[in-house]
Structure formats: C-alpha cells, structure tokens
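run27.pdb (PDB, C-alpha atoms)
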ATOM      1  CA  MET Y 433     -43.055  59.674 -50.980
ATOM      2  CA  ILE Y 434     -43.238  56.901 -53.565
ATOM      3  CA  ALA Y 435     -42.097  53.417 -52.557
ATOM      4  CA  GLN Y 436     -39.853  51.646 -55.053
ATOM      5  CA  SER Y 437     -37.347  48.784 -54.948
ATOM      6  CA  LEU Y 438     -34.312  47.470 -56.800
ATOM      7  CA  GLN Y 439     -32.860  43.966 -56.955
ATOM      8  CA  TYR Y 440     -29.095  43.906 -56.461
ATOM      9  CA  GLY Y 441     -27.940  40.303 -56.613
ATOM     10  CA  ALA Y 442     -29.635  38.493 -53.724
ATOM     11  CA  LEU Y 443     -30.395  41.796 -51.992
ATOM     12  CA  LYS Y 444     -33.668  43.633 -52.511
ATOM     13  CA  ILE Y 445     -33.213  47.352 -51.860
ATOM     14  CA  PRO Y 446     -36.447  49.208 -51.023
ATOM     15  CA  TYR Y 447     -36.233  52.982 -51.366
ATOM     16  CA  GLN Y 448     -38.497  55.977 -50.987
ATOM     17  CA  VAL Y 449     -38.589  58.661 -53.679
ATOM     18  CA  THR Y 450     -39.319  62.287 -52.821
ATOM     19  CA  PHE Y 451     -39.815  64.726 -55.693
ATOM     20  CA  GLN Y 452     -38.731  68.293 -54.917
ATOM     21  CA  SER Y 453     -39.192  71.272 -57.225
ATOM     22  CA  THR Y 454     -36.257  73.079 -55.604
ATOM     23  CA  ILE Y 455     -33.737  70.429 -56.686
ATOM     24  CA  SER Y 456     -32.027  70.695 -60.042
ATOM     25  CA  GLY Y 457     -29.568  68.324 -61.649
ATOM     26  CA  LYS Y 458     -28.785  64.887 -60.236
ATOM     27  CA  ILE Y 459     -30.725  62.832 -57.732
ATOM     28  CA  ALA Y 460     -29.468  62.609 -54.142
ATOM     29  CA  ILE Y 461     -29.402  59.209 -52.409
ATOM     30  CA  HIS Y 462     -29.388  58.950 -48.605
ATOM     31  CA  VAL Y 463     -29.023  55.803 -46.475
ATOM     32  CA  LEU Y 464     -30.545  56.724 -43.111
ATOM     33  CA  PRO Y 465     -29.244  55.224 -39.843
ATOM     34  CA  THR Y 466     -32.326  52.998 -39.610
ATOM     35  CA  GLY Y 467     -31.608  51.383 -42.999
ATOM     36  CA  MET Y 468     -34.164  53.389 -44.937
ATOM     37  CA  VAL Y 469     -32.964  54.478 -48.391
ATOM     38  CA  ARG Y 470     -34.337  57.864 -49.464
ATOM     39  CA  VAL Y 471     -33.960  59.407 -52.903
ATOM     40  CA  ASP Y 472     -34.499  63.140 -53.442
ATOM     41  CA  ALA Y 473     -35.122  63.918 -57.095
ATOM     42  CA  PRO Y 474     -36.104  66.855 -59.318
ATOM     43  CA  THR Y 475     -39.791  66.786 -60.294
ATOM     44  CA  SER Y 476     -38.881  66.265 -63.943
ATOM     45  CA  THR Y 477     -37.085  62.980 -63.248
ATOM     46  CA  SER Y 478     -38.823  59.756 -64.261
ATOM     47  CA  LEU Y 479     -38.975  56.698 -61.998
ATOM     48  CA  ALA Y 480     -36.974  54.788 -64.622
ATOM     49  CA  GLU Y 481     -34.172  57.375 -64.456
ATOM     50  CA  ILE Y 482     -34.241  57.231 -60.666
ATOM     51  CA  LYS Y 483     -34.014  53.454 -60.676
ATOM     52  CA  GLN Y 484     -31.048  53.637 -63.029
ATOM     53  CA  GLY Y 485     -29.363  56.103 -60.669
ATOM     54  CA  VAL Y 486     -30.004  53.881 -57.651
ATOM     55  CA  GLY Y 487     -28.622  50.916 -59.612
ATOM     56  CA  LYS Y 488     -25.364  52.759 -60.224
ATOM     57  CA  ARG Y 489     -25.001  53.323 -56.454
ATOM     58  CA  ALA Y 490     -26.264  49.872 -55.444
ATOM     59  CA  LYS Y 491     -22.833  48.663 -54.283
ATOM     60  CA  TRP Y 492     -22.412  51.773 -52.129
ATOM     61  CA  ILE Y 493     -25.935  51.369 -50.701
ATOM     62  CA  SER Y 494     -25.353  47.669 -50.005
ATOM     63  CA  GLY Y 495     -22.164  48.479 -48.071
ATOM     64  CA  HIS Y 496     -23.964  50.981 -45.856
ATOM     65  CA  LEU Y 497     -26.840  48.580 -45.211
ATOM     66  CA  SER Y 498     -24.367  45.841 -44.213
ATOM     67  CA  LYS Y 499     -22.725  48.141 -41.666
ATOM     68  CA  ILE Y 500     -26.116  49.068 -40.208
ATOM     69  CA  HIS Y 501     -27.041  45.374 -39.920
ATOM     70  CA  GLU Y 502     -23.734  44.559 -38.192
ATOM     71  CA  ARG Y 503     -24.323  47.275 -35.610
ATOM     72  CA  GLY Y 504     -27.878  46.065 -35.011
ATOM     73  CA  VAL Y 505     -26.832  42.476 -34.291
ATOM     74  CA  HIS Y 506     -25.191  43.558 -31.039
ATOM     75  CA  ILE Y 507     -28.232  45.394 -29.678
ATOM     76  CA  LEU Y 508     -30.027  43.492 -26.932
ATOM     77  CA  THR Y 509     -33.804  43.566 -26.504
ATOM     78  CA  ARG Y 510     -34.859  45.751 -23.604
ATOM     79  CA  GLU Y 511     -36.395  43.869 -20.655
ATOM     80  CA  TYR Y 512     -36.807  46.873 -18.299
ATOM     81  CA  VAL Y 513     -35.431  45.102 -15.231
ATOM     82  CA  SER Y 514     -32.857  46.107 -12.623
ATOM     83  CA  GLY Y 515     -29.281  46.038 -13.866
ATOM     84  CA  GLU Y 516     -29.930  47.276 -17.398
ATOM     85  CA  SER Y 517     -28.284  50.493 -18.525
ATOM     86  CA  HIS Y 518     -30.222  53.260 -20.260
ATOM     87  CA  LEU Y 519     -29.062  56.482 -21.871
ATOM     88  CA  TYR Y 520     -29.974  60.070 -21.097
ATOM     89  CA  LEU Y 521     -28.166  62.965 -22.809
ATOM     90  CA  GLY Y 522     -25.468  60.574 -23.965
ATOM     91  CA  ARG Y 523     -24.674  59.091 -20.554
ATOM     92  CA  ARG Y 524     -25.437  55.571 -19.384
ATOM     93  CA  HIS Y 525     -27.311  55.086 -16.130
ATOM     94  CA  VAL Y 526     -28.068  51.770 -14.432
ATOM     95  CA  LEU Y 527     -31.739  50.966 -13.899
ATOM     96  CA  LYS Y 528     -33.081  50.023 -10.454
ATOM     97  CA  VAL Y 529     -36.713  48.860 -10.330
ATOM     98  CA  ARG Y 530     -38.355  48.925  -6.909
ATOM     99  CA  THR Y 531     -41.849  47.725  -5.996
ATOM    100  CA  SER Y 532     -44.057  49.538  -3.506
ATOM    101  CA  GLN Y 533     -47.767  49.415  -2.734
ATOM    102  CA  SER Y 534     -47.694  52.662  -0.746
ATOM    103  CA  GLU Y 535     -45.769  54.942  -3.162
ATOM    104  CA  GLU Y 536     -46.937  56.489  -6.404
ATOM    105  CA  PRO Y 537     -45.332  55.055  -9.573
ATOM    106  CA  SER Y 538     -42.408  57.282 -10.480
ATOM    107  CA  VAL Y 539     -39.140  57.663 -12.399
ATOM    108  CA  LYS Y 540     -36.189  59.499 -10.872
ATOM    109  CA  LEU Y 541     -32.601  59.985 -11.992
ATOM    110  CA  ARG Y 542     -30.371  60.267  -8.945
ATOM    111  CA  GLN Y 543     -26.714  59.584  -8.201
ATOM    112  CA  GLY Y 544     -26.045  58.117 -11.626
ATOM    113  CA  ARG Y 545     -28.910  55.670 -11.798
ATOM    114  CA  PHE Y 546     -32.552  55.485 -12.791
ATOM    115  CA  GLU Y 547     -34.898  54.536  -9.940
ATOM    116  CA  ILE Y 548     -38.361  53.432 -10.984
ATOM    117  CA  VAL Y 549     -41.093  52.647  -8.476
ATOM    118  CA  VAL Y 550     -43.961  50.396  -9.585
ATOM    119  CA  ALA Y 551     -46.691  48.514  -7.771
ATOM    120  CA  GLN Y 552     -45.472  45.168  -9.104
ATOM    121  CA  GLN Y 553     -42.683  43.844 -11.307
ATOM    122  CA  ASP Y 554     -44.223  44.477 -14.710
ATOM    123  CA  PRO Y 555     -41.840  45.324 -17.597
ATOM    124  CA  HIS Y 556     -44.706  46.856 -19.564
ATOM    125  CA  GLU Y 557     -45.495  49.300 -16.765
ATOM    126  CA  VAL Y 558     -41.803  50.145 -16.353
ATOM    127  CA  HIS Y 559     -41.537  50.743 -20.105
ATOM    128  CA  SER Y 560     -44.624  52.964 -20.073
ATOM    129  CA  LEU Y 561     -43.328  55.058 -17.161
ATOM    130  CA  PHE Y 562     -39.894  55.316 -18.743
ATOM    131  CA  SER Y 563     -41.311  56.438 -22.104
ATOM    132  CA  ALA Y 564     -43.423  59.138 -20.428
ATOM    133  CA  TRP Y 565     -40.388  60.355 -18.469
ATOM    134  CA  TYR Y 566     -38.226  60.535 -21.585
ATOM    135  CA  ARG Y 567     -40.954  62.416 -23.453
ATOM    136  CA  ALA Y 568     -41.371  64.957 -20.654
ATOM    137  CA  LYS Y 569     -37.610  65.539 -20.468
ATOM    138  CA  ALA Y 570     -37.435  65.853 -24.266
ATOM    139  CA  GLY Y 571     -40.043  68.604 -24.192
ATOM    140  CA  LEU Y 572     -38.067  70.601 -21.613
ATOM    141  CA  VAL Y 573     -34.583  70.076 -23.039
ATOM    142  CA  PHE Y 574     -35.528  70.597 -26.683
ATOM    143  CA  ALA Y 575     -37.248  73.878 -25.799
ATOM    144  CA  GLN Y 576     -34.086  75.091 -24.054
ATOM    145  CA  ARG Y 577     -31.779  73.996 -26.883
ATOM    146  CA  LEU Y 578     -34.047  75.516 -29.537
ATOM    147  CA  ASP Y 579     -33.844  78.914 -27.829
ATOM    148  CA  LEU Y 580     -30.041  78.757 -27.943
ATOM    149  CA  VAL Y 581     -29.751  77.468 -31.525
ATOM    150  CA  VAL Y 582     -32.327  79.885 -32.942
ATOM    151  CA  ALA Y 583     -30.445  82.801 -31.343
ATOM    152  CA  GLY Y 584     -27.550  82.098 -33.711
ATOM    153  CA  MET Y 585     -29.699  82.089 -36.858
ATOM    154  CA  PRO Y 586     -30.201  85.626 -38.190
ATOM    155  CA  TRP Y 587     -33.014  84.642 -40.576
ATOM    156  CA  LEU Y 588     -35.199  83.555 -37.644
ATOM    157  CA  THR Y 589     -36.900  86.077 -35.386
ATOM    158  CA  ALA Y 590     -38.598  83.527 -33.126
ATOM    159  CA  VAL Y 591     -38.614  79.818 -32.301
ATOM    160  CA  PRO Y 592     -40.836  78.096 -34.889
ATOM    161  CA  ARG Y 593     -43.726  75.854 -33.963
ATOM    162  CA  TRP Y 594     -42.592  72.368 -33.061
ATOM    163  CA  ARG Y 595     -43.909  69.120 -31.643
ATOM    164  CA  LEU Y 596     -42.690  65.787 -30.322
ATOM    165  CA  LEU Y 597     -43.333  62.880 -32.673
ATOM    166  CA  SER Y 598     -42.074  59.330 -32.148
ATOM    167  CA  MET Y 599     -40.528  58.139 -35.409
ATOM    168  CA  LYS Y 600     -38.829  54.876 -36.314
ATOM    169  CA  ARG Y 601     -36.659  56.238 -39.112
ATOM    170  CA  GLN Y 602     -36.000  59.929 -38.483
ATOM    171  CA  TRP Y 603     -34.698  62.215 -35.745
ATOM    172  CA  GLY Y 604     -36.623  65.182 -37.033
ATOM    173  CA  SER Y 605     -38.480  66.713 -39.947
ATOM    174  CA  CYS Y 606     -39.678  70.093 -41.172
ATOM    175  CA  SER Y 607     -43.111  70.387 -42.767
ATOM    176  CA  PRO Y 608     -43.800  72.608 -45.803
ATOM    177  CA  THR Y 609     -45.586  74.979 -43.396
ATOM    178  CA  GLY Y 610     -42.487  75.274 -41.198
ATOM    179  CA  VAL Y 611     -43.524  73.082 -38.262
ATOM    180  CA  LEU Y 612     -40.699  71.004 -36.777
ATOM    181  CA  SER Y 613     -41.245  67.420 -35.609
ATOM    182  CA  LEU Y 614     -38.637  66.096 -33.177
ATOM    183  CA  ASN Y 615     -38.192  62.495 -32.097
ATOM    184  CA  PRO Y 616     -38.329  62.201 -28.266
ATOM    185  CA  HIS Y 617     -35.784  59.332 -28.439
ATOM    186  CA  LEU Y 618     -33.221  61.989 -29.356
ATOM    187  CA  ILE Y 619     -33.148  62.962 -25.665
ATOM    188  CA  LYS Y 620     -30.963  59.880 -25.110
ATOM    189  CA  ALA Y 621     -28.227  61.332 -27.348
ATOM    190  CA  PRO Y 622     -25.434  63.740 -26.326
ATOM    191  CA  PRO Y 623     -26.343  67.468 -26.370
ATOM    192  CA  ALA Y 624     -24.114  68.046 -29.430
ATOM    193  CA  CYS Y 625     -26.187  65.517 -31.387
ATOM    194  CA  ILE Y 626     -29.421  67.192 -30.298
ATOM    195  CA  ASP Y 627     -28.091  70.567 -31.434
ATOM    196  CA  TYR Y 628     -27.078  69.064 -34.789
ATOM    197  CA  VAL Y 629     -30.596  67.757 -35.453
ATOM    198  CA  LEU Y 630     -32.148  71.066 -34.396
ATOM    199  CA  THR Y 631     -29.734  73.010 -36.611
ATOM    200  CA  HIS Y 632     -30.402  70.694 -39.550
ATOM    201  CA  GLU Y 633     -34.163  71.109 -39.313
ATOM    202  CA  LEU Y 634     -33.984  74.863 -38.710
ATOM    203  CA  CYS Y 635     -31.837  75.255 -41.835
ATOM    204  CA  HIS Y 636     -34.763  73.720 -43.738
ATOM    205  CA  LEU Y 637     -36.793  76.795 -42.875
ATOM    206  CA  LYS Y 638     -34.529  78.683 -45.287
ATOM    207  CA  HIS Y 639     -33.840  75.875 -47.785
ATOM    208  CA  HIS Y 640     -36.528  73.179 -47.744
ATOM    209  CA  ASN Y 641     -34.413  70.585 -49.538
ATOM    210  CA  HIS Y 642     -31.013  68.916 -49.373
ATOM    211  CA  GLY Y 643     -29.459  70.934 -52.159
ATOM    212  CA  LYS Y 644     -26.114  72.726 -52.340
ATOM    213  CA  GLN Y 645     -27.376  75.899 -50.656
ATOM    214  CA  PHE Y 646     -28.783  73.912 -47.747
ATOM    215  CA  TYR Y 647     -25.438  72.242 -47.005
ATOM    216  CA  GLN Y 648     -23.561  75.521 -47.404
ATOM    217  CA  LEU Y 649     -25.838  77.032 -44.781
ATOM    218  CA  LEU Y 650     -25.439  74.018 -42.488
ATOM    219  CA  ASP Y 651     -21.644  74.270 -42.854
ATOM    220  CA  ARG Y 652     -21.742  77.903 -41.766
ATOM    221  CA  GLN Y 653     -24.013  77.266 -38.801
ATOM    222  CA  LEU Y 654     -22.313  74.087 -37.596
ATOM    223  CA  PRO Y 655     -18.946  73.426 -39.289
ATOM    224  CA  GLU Y 656     -18.433  70.134 -37.424
ATOM    225  CA  TRP Y 657     -21.889  68.749 -38.305
ATOM    226  CA  SER Y 658     -20.541  65.867 -40.389
ATOM    227  CA  SER Y 659     -18.552  64.273 -37.544
ATOM    228  CA  ILE Y 660     -21.475  64.773 -35.137
ATOM    229  CA  LYS Y 661     -23.829  63.105 -37.616
ATOM    230  CA  LEU Y 662     -21.507  60.088 -37.861
ATOM    231  CA  ARG Y 663     -21.517  59.808 -34.078
ATOM    232  CA  LEU Y 664     -25.311  59.942 -33.996
ATOM    233  CA  ASP Y 665     -25.589  57.414 -36.833
ATOM    234  CA  ASP Y 666     -23.424  54.953 -34.901
ATOM    235  CA  MET Y 667     -25.784  55.227 -31.920
ATOM    236  CA  ALA Y 668     -29.049  55.212 -33.847
ATOM    237  CA  GLU Y 669     -30.071  51.564 -33.497
ATOM    238  CA  TYR Y 670     -29.377  51.595 -29.769
ATOM    239  CA  LEU Y 671     -31.177  54.861 -29.147
ATOM    240  CA  LEU Y 672     -34.236  53.825 -31.163
ATOM    241  CA  SER Y 673     -34.449  50.278 -29.794
TER     242      SER Y 673
END
Would you put the structure from the file into structure tokens?
Amino acid sequence: MIAQSLQYGALKIPYQVTFQSTISGKIAIHVLPTGMVRVDAPTSTSLAEIKQGVGKRAKWISGHLSKIHERGVHILTREYVSGESHLYLGRRHVLKVRTSQSEEPSVKLRQGRFEIVVAQQDPHEVHSLFSAWYRAKAGLVFAQRLDLVVAGMPWLTAVPRWRLLSMKRQWGSCSPTGVLSLNPHLIKAPPACIDYVLTHELCHLKHHNHGKQFYQLLDRQLPEWSSIKLRLDDMAEYLLS
C-alpha cells in the first residue's frame, strides 16, 4: 500500500493506494468502517490520476467519514468493571467481576452474563482475561463456520489455511498465497456478520480483487451480503473499541 492524502477544504483525507494487476478501468474507492480510505487501482494508473479520482469523490468520502465520526462519539471507553455490557455473537451480556484469592482467574458466560474471577480488582487483568477468552472462542466458532461456508463453495475442496490476527481497520484479509486472516473481535458480531466476512474472504480465493467478477460471485454466494455489511459497519466502532 502507498499512503497518500488529499486536502478537501478544512478536511485532510488520508488514503491508502493498492495497485492490482487484475483490475482494469476505473479506480475503486472504499471507506472502511474504521474511517480508513482505500483506493484499488490498475497498475498502469499514476498517483496523479488517482488523486484526481479521489478529489472527484471527496464530497462522498467526507460524508461517510462524518457519519463514522458521529457514531464514534457515542462509544464509551471500556473500564472492565461490573455493570458494563459486552457483546458475544451479537448479544449483550452484563459483566460481573468477582475477586477471590482461592479460585483460579477465569471467564465464564452463564445465565446471560459474563462472570470474571480475578485475584484483585484490576481492570488490566480483567481486560487481559477477557481478550484471551474472546480469542479462544473466535478460534472455535470461526472453525465451525468456515466448515459450513466452504461446503457451499464448489471451487474449494478443503478449508484454506487461516489464522487469527487482531486488526484495527479490517475484519479479515486474504494473502496472495491464499491464507486467511480473521479479526478475533469479529466474534462479538452476530453469526450472519461472521459468515459474511468469511464468504467475502473465501471469494478472494477465486478473484483476488474487488472487481466485477468478485462481486458477481459474492452476490451468488450471499445475495443479502450488502444489508449484512451495513449492519456490521454500524457496529464496527463498538466492536473494535
């Protein structure tokens, strides 16, 4: 990726350029849920041409960034204390932190609430335990969902290699060698959103770009993907916070 920026009035718009040999024609501009602006462009396109294209869409980009900022204003900083609510598979569960010198530190989800046992009231320890729990659950759930999604993709004969990778700006990615990276924070989202991300990345194993053929394939595999993506976008700042 190549980092670039454009001044639009008082707003400076940073954007990342990715050159792809499989793209022909116009550049494609994406505003990700985290506020990152990504531009996919044919390899023959100059940076000056890309900047001109971004300039023409600057008003549209600015509008999306404003909406993302408005959603982010209402997100509270996590303190990891009793009474907070946390998501798992799209459902909110109230957190109960309990201290014990005789019990092992643990995280359990029971009767609609998270129960975390720690030796002393330490938000950092609670956060660490919570993160490890989420990561472990992500590994189990993603493996199960991948088996189901891959079964409906005739061009795949087996589940591809994949790994968990914490990312600030993406839910998933597919490397040129076909290895999937999945964000463990996605485990907080509803199952339909998880399946959308898995389907999106698996479609990249056939079309490693965001061209017309890729979206045609995604439409066939998951016709309702667009509405699911909007739902996930609306939750992104909360899930990643």
Inset, instruction - Measuring atom to atom with only C-alpha atoms, identify which of Y:Arg523, Y:Lys638, Y:Arg595, Y:His462 is nearest to Gly571 of chain Y. - result: Y:Arg595
Inset, instruction - Select, counting all atoms listed in the file, all protein, DNA and RNA residues no farther than 12 Å from (-40.9, 56.8, -58.8) in file coordinates, and express the selection as number ranges by chain. - result: Y: 433-438, 446-451, 459, 470-486
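Residues in contact range of Leu637 of chain Y, defined as at most 10 Å between only C-alpha atoms, with sequence neighbours fewer than 2 positions away removed, read Trp587, Leu588, Pro592, Cys606, Ser607, Pro608, Thr609, Gly610, Val611, Leu612, His632, Glu633, Leu634, Cys635, His639, His640, Asn641 and Phe646 of chain Y.
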Legend entry - Distance query 12 Å from (-22.6, 58.3, -34.9) using all atoms listed in the file, result as a PyMOL selection string: chain Y and resi 464-465+500+503+522+621-622+624-625+628+657-671
Inset, instruction - Starting from the shown file, work through the PyMOL selection byres ((chain Y and resi 614) around 10) and note down what comes out as an MDAnalysis selection string. - result: chainID Y and resid 570:571 574 594:599 602:606 611:613 615:619 626 629:630 633
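We find atom CA of Pro537 of chain Y and atom CA of Trp565 of chain Y to be spaced 11.5 Å apart.
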Inset, instruction - Work out how far atom CA of His501 of chain Y is from atom CA of Ser563 of chain Y, in Å to one decimal. - result: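 We find that atom CA of Ser563 of chain Y and atom CA of His501 of chain Y lie 25.4 Å from each other.
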Inset, instruction - Quick one: pull the distance between atom CA of Asp627 of chain Y and atom CA of Arg593 of chain Y, Å, one decimal. - result: 16.7 Å
Legend entry - Residue among Y:His556, Y:His496, Y:Lys491, Y:His525 lying closest to Arg510 of chain Y, counting only C-alpha atoms: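 Closest residue, counting only C-alpha atoms: Y:His556.
When only C-alpha atoms are used to compute distances to Arg489 of chain Y, the closest of the residues Y:Gln553, Y:Ile445, Y:Leu519, Y:Gln533 turns out to be Y:Ile445.
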Inset, instruction - Enumerate, as a ChimeraX atom specification, the residues matched when the PyMOL selection byres ((chain Y and resi 653) around 10) is run on the file above. - result: /Y:581,584-585,628,631-632,635,647-652,654-657
Legend entry - Pick from Y:Val558, Y:Val550, Y:Leu497, Y:Pro623, whichever lies nearest to Arg577 of chain Y using all atoms listed in the file: Y:Pro623
Legend entry - From Y:Gly495, Y:Ala568, Y:Val469, Y:Lys620, residue lying nearest Tyr520 of chain Y [all atoms listed in the file]: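 Distance minimum relative to Tyr520 of chain Y lands on Y:Lys620.
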How would segment 442-474 of chain Y read, as a PDB file, in the coordinates of the input, once N, CA and C atoms are built in?
ATOM      1  N   ALA Y 442     -28.646  39.120 -54.614  1.00  0.00           N
ATOM      2  CA  ALA Y 442     -29.635  38.493 -53.724  1.00  0.00           C
ATOM      3  C   ALA Y 442     -30.315  39.512 -52.823  1.00  0.00           C
ATOM      4  N   LEU Y 443     -29.871  40.762 -52.879  1.00  0.00           N
ATOM      5  CA  LEU Y 443     -30.395  41.796 -51.992  1.00  0.00           C
ATOM      6  C   LEU Y 443     -31.467  42.622 -52.684  1.00  0.00           C
ATOM      7  N   LYS Y 444     -32.620  42.742 -52.033  1.00  0.00           N
ATOM      8  CA  LYS Y 444     -33.668  43.633 -52.511  1.00  0.00           C
ATOM      9  C   LYS Y 444     -33.547  44.949 -51.755  1.00  0.00           C
ATOM     10  N   ILE Y 445     -33.396  46.043 -52.478  1.00  0.00           N
ATOM     11  CA  ILE Y 445     -33.213  47.352 -51.860  1.00  0.00           C
ATOM     12  C   ILE Y 445     -34.480  48.179 -52.018  1.00  0.00           C
ATOM     13  N   PRO Y 446     -35.296  48.292 -50.965  1.00  0.00           N
ATOM     14  CA  PRO Y 446     -36.447  49.208 -51.023  1.00  0.00           C
ATOM     15  C   PRO Y 446     -35.950  50.646 -50.872  1.00  0.00           C
ATOM     16  N   TYR Y 447     -36.588  51.585 -51.538  1.00  0.00           N
ATOM     17  CA  TYR Y 447     -36.233  52.982 -51.366  1.00  0.00           C
ATOM     18  C   TYR Y 447     -37.451  53.867 -51.565  1.00  0.00           C
ATOM     19  N   GLN Y 448     -37.402  55.010 -50.931  1.00  0.00           N
ATOM     20  CA  GLN Y 448     -38.497  55.977 -50.987  1.00  0.00           C
ATOM     21  C   GLN Y 448     -38.066  57.171 -51.835  1.00  0.00           C
ATOM     22  N   VAL Y 449     -38.898  57.549 -52.787  1.00  0.00           N
ATOM     23  CA  VAL Y 449     -38.589  58.661 -53.679  1.00  0.00           C
ATOM     24  C   VAL Y 449     -39.386  59.892 -53.259  1.00  0.00           C
ATOM     25  N   THR Y 450     -38.686  61.003 -53.102  1.00  0.00           N
ATOM     26  CA  THR Y 450     -39.319  62.287 -52.821  1.00  0.00           C
ATOM     27  C   THR Y 450     -38.990  63.250 -53.947  1.00  0.00           C
ATOM     28  N   PHE Y 451     -40.014  63.751 -54.626  1.00  0.00           N
ATOM     29  CA  PHE Y 451     -39.815  64.726 -55.693  1.00  0.00           C
ATOM     30  C   PHE Y 451     -39.834  66.134 -55.103  1.00  0.00           C
ATOM     31  N   GLN Y 452     -38.833  66.938 -55.452  1.00  0.00           N
ATOM     32  CA  GLN Y 452     -38.731  68.293 -54.917  1.00  0.00           C
ATOM     33  C   GLN Y 452     -38.465  69.274 -56.056  1.00  0.00           C
ATOM     34  N   SER Y 453     -39.307  70.289 -56.144  1.00  0.00           N
ATOM     35  CA  SER Y 453     -39.192  71.272 -57.225  1.00  0.00           C
ATOM     36  C   SER Y 453     -37.963  72.152 -57.067  1.00  0.00           C
ATOM     37  N   THR Y 454     -37.404  72.202 -55.850  1.00  0.00           N
ATOM     38  CA  THR Y 454     -36.257  73.079 -55.604  1.00  0.00           C
ATOM     39  C   THR Y 454     -34.926  72.424 -55.947  1.00  0.00           C
ATOM     40  N   ILE Y 455     -34.967  71.134 -56.325  1.00  0.00           N
ATOM     41  CA  ILE Y 455     -33.737  70.429 -56.686  1.00  0.00           C
ATOM     42  C   ILE Y 455     -33.551  70.482 -58.195  1.00  0.00           C
ATOM     43  N   SER Y 456     -32.351  70.738 -58.623  1.00  0.00           N
ATOM     44  CA  SER Y 456     -32.027  70.695 -60.042  1.00  0.00           C
ATOM     45  C   SER Y 456     -30.800  69.814 -60.240  1.00  0.00           C
ATOM     46  N   GLY Y 457     -30.732  69.170 -61.386  1.00  0.00           N
ATOM     47  CA  GLY Y 457     -29.568  68.324 -61.649  1.00  0.00           C
ATOM     48  C   GLY Y 457     -29.785  66.888 -61.235  1.00  0.00           C
ATOM     49  N   LYS Y 458     -28.772  66.309 -60.555  1.00  0.00           N
ATOM     50  CA  LYS Y 458     -28.785  64.887 -60.236  1.00  0.00           C
ATOM     51  C   LYS Y 458     -29.646  64.575 -59.008  1.00  0.00           C
ATOM     52  N   ILE Y 459     -30.001  63.294 -58.909  1.00  0.00           N
ATOM     53  CA  ILE Y 459     -30.725  62.832 -57.732  1.00  0.00           C
ATOM     54  C   ILE Y 459     -29.749  62.707 -56.554  1.00  0.00           C
ATOM     55  N   ALA Y 460     -30.282  62.765 -55.356  1.00  0.00           N
ATOM     56  CA  ALA Y 460     -29.468  62.609 -54.142  1.00  0.00           C
ATOM     57  C   ALA Y 460     -29.964  61.379 -53.393  1.00  0.00           C
ATOM     58  N   ILE Y 461     -29.045  60.464 -53.078  1.00  0.00           N
ATOM     59  CA  ILE Y 461     -29.402  59.209 -52.409  1.00  0.00           C
ATOM     60  C   ILE Y 461     -28.879  59.249 -50.977  1.00  0.00           C
ATOM     61  N   HIS Y 462     -29.759  58.940 -50.021  1.00  0.00           N
ATOM     62  CA  HIS Y 462     -29.388  58.950 -48.605  1.00  0.00           C
ATOM     63  C   HIS Y 462     -29.715  57.587 -48.000  1.00  0.00           C
ATOM     64  N   VAL Y 463     -28.763  57.011 -47.263  1.00  0.00           N
ATOM     65  CA  VAL Y 463     -29.023  55.803 -46.475  1.00  0.00           C
ATOM     66  C   VAL Y 463     -29.121  56.252 -45.027  1.00  0.00           C
ATOM     67  N   LEU Y 464     -30.322  56.241 -44.469  1.00  0.00           N
ATOM     68  CA  LEU Y 464     -30.545  56.724 -43.111  1.00  0.00           C
ATOM     69  C   LEU Y 464     -30.052  55.704 -42.090  1.00  0.00           C
ATOM     70  N   PRO Y 465     -29.769  56.129 -40.862  1.00  0.00           N
ATOM     71  CA  PRO Y 465     -29.244  55.224 -39.843  1.00  0.00           C
ATOM     72  C   PRO Y 465     -30.118  54.008 -39.575  1.00  0.00           C
ATOM     73  N   THR Y 466     -31.408  54.115 -39.845  1.00  0.00           N
ATOM     74  CA  THR Y 466     -32.326  52.998 -39.610  1.00  0.00           C
ATOM     75  C   THR Y 466     -32.346  52.002 -40.753  1.00  0.00           C
ATOM     76  N   GLY Y 467     -31.617  52.287 -41.847  1.00  0.00           N
ATOM     77  CA  GLY Y 467     -31.608  51.383 -42.999  1.00  0.00           C
ATOM     78  C   GLY Y 467     -32.537  51.811 -44.113  1.00  0.00           C
ATOM     79  N   MET Y 468     -33.288  52.876 -43.887  1.00  0.00           N
ATOM     80  CA  MET Y 468     -34.164  53.389 -44.937  1.00  0.00           C
ATOM     81  C   MET Y 468     -33.323  54.087 -46.004  1.00  0.00           C
ATOM     82  N   VAL Y 469     -33.636  53.820 -47.275  1.00  0.00           N
ATOM     83  CA  VAL Y 469     -32.964  54.478 -48.391  1.00  0.00           C
ATOM     84  C   VAL Y 469     -33.926  55.507 -48.971  1.00  0.00           C
ATOM     85  N   ARG Y 470     -33.498  56.782 -48.961  1.00  0.00           N
ATOM     86  CA  ARG Y 470     -34.337  57.864 -49.464  1.00  0.00           C
ATOM     87  C   ARG Y 470     -33.664  58.515 -50.663  1.00  0.00           C
ATOM     88  N   VAL Y 471     -34.473  58.770 -51.690  1.00  0.00           N
ATOM     89  CA  VAL Y 471     -33.960  59.407 -52.903  1.00  0.00           C
ATOM     90  C   VAL Y 471     -34.689  60.728 -53.109  1.00  0.00           C
ATOM     91  N   ASP Y 472     -33.946  61.825 -53.119  1.00  0.00           N
ATOM     92  CA  ASP Y 472     -34.499  63.140 -53.442  1.00  0.00           C
ATOM     93  C   ASP Y 472     -34.234  63.410 -54.917  1.00  0.00           C
ATOM     94  N   ALA Y 473     -35.274  63.769 -55.655  1.00  0.00           N
ATOM     95  CA  ALA Y 473     -35.122  63.918 -57.095  1.00  0.00           C
ATOM     96  C   ALA Y 473     -35.872  65.142 -57.610  1.00  0.00           C
ATOM     97  N   PRO Y 474     -35.363  65.760 -58.682  1.00  0.00           N
ATOM     98  CA  PRO Y 474     -36.104  66.855 -59.318  1.00  0.00           C
ATOM     99  C   PRO Y 474     -37.453  66.351 -59.834  1.00  0.00           C
TER     100      PRO Y 474
END
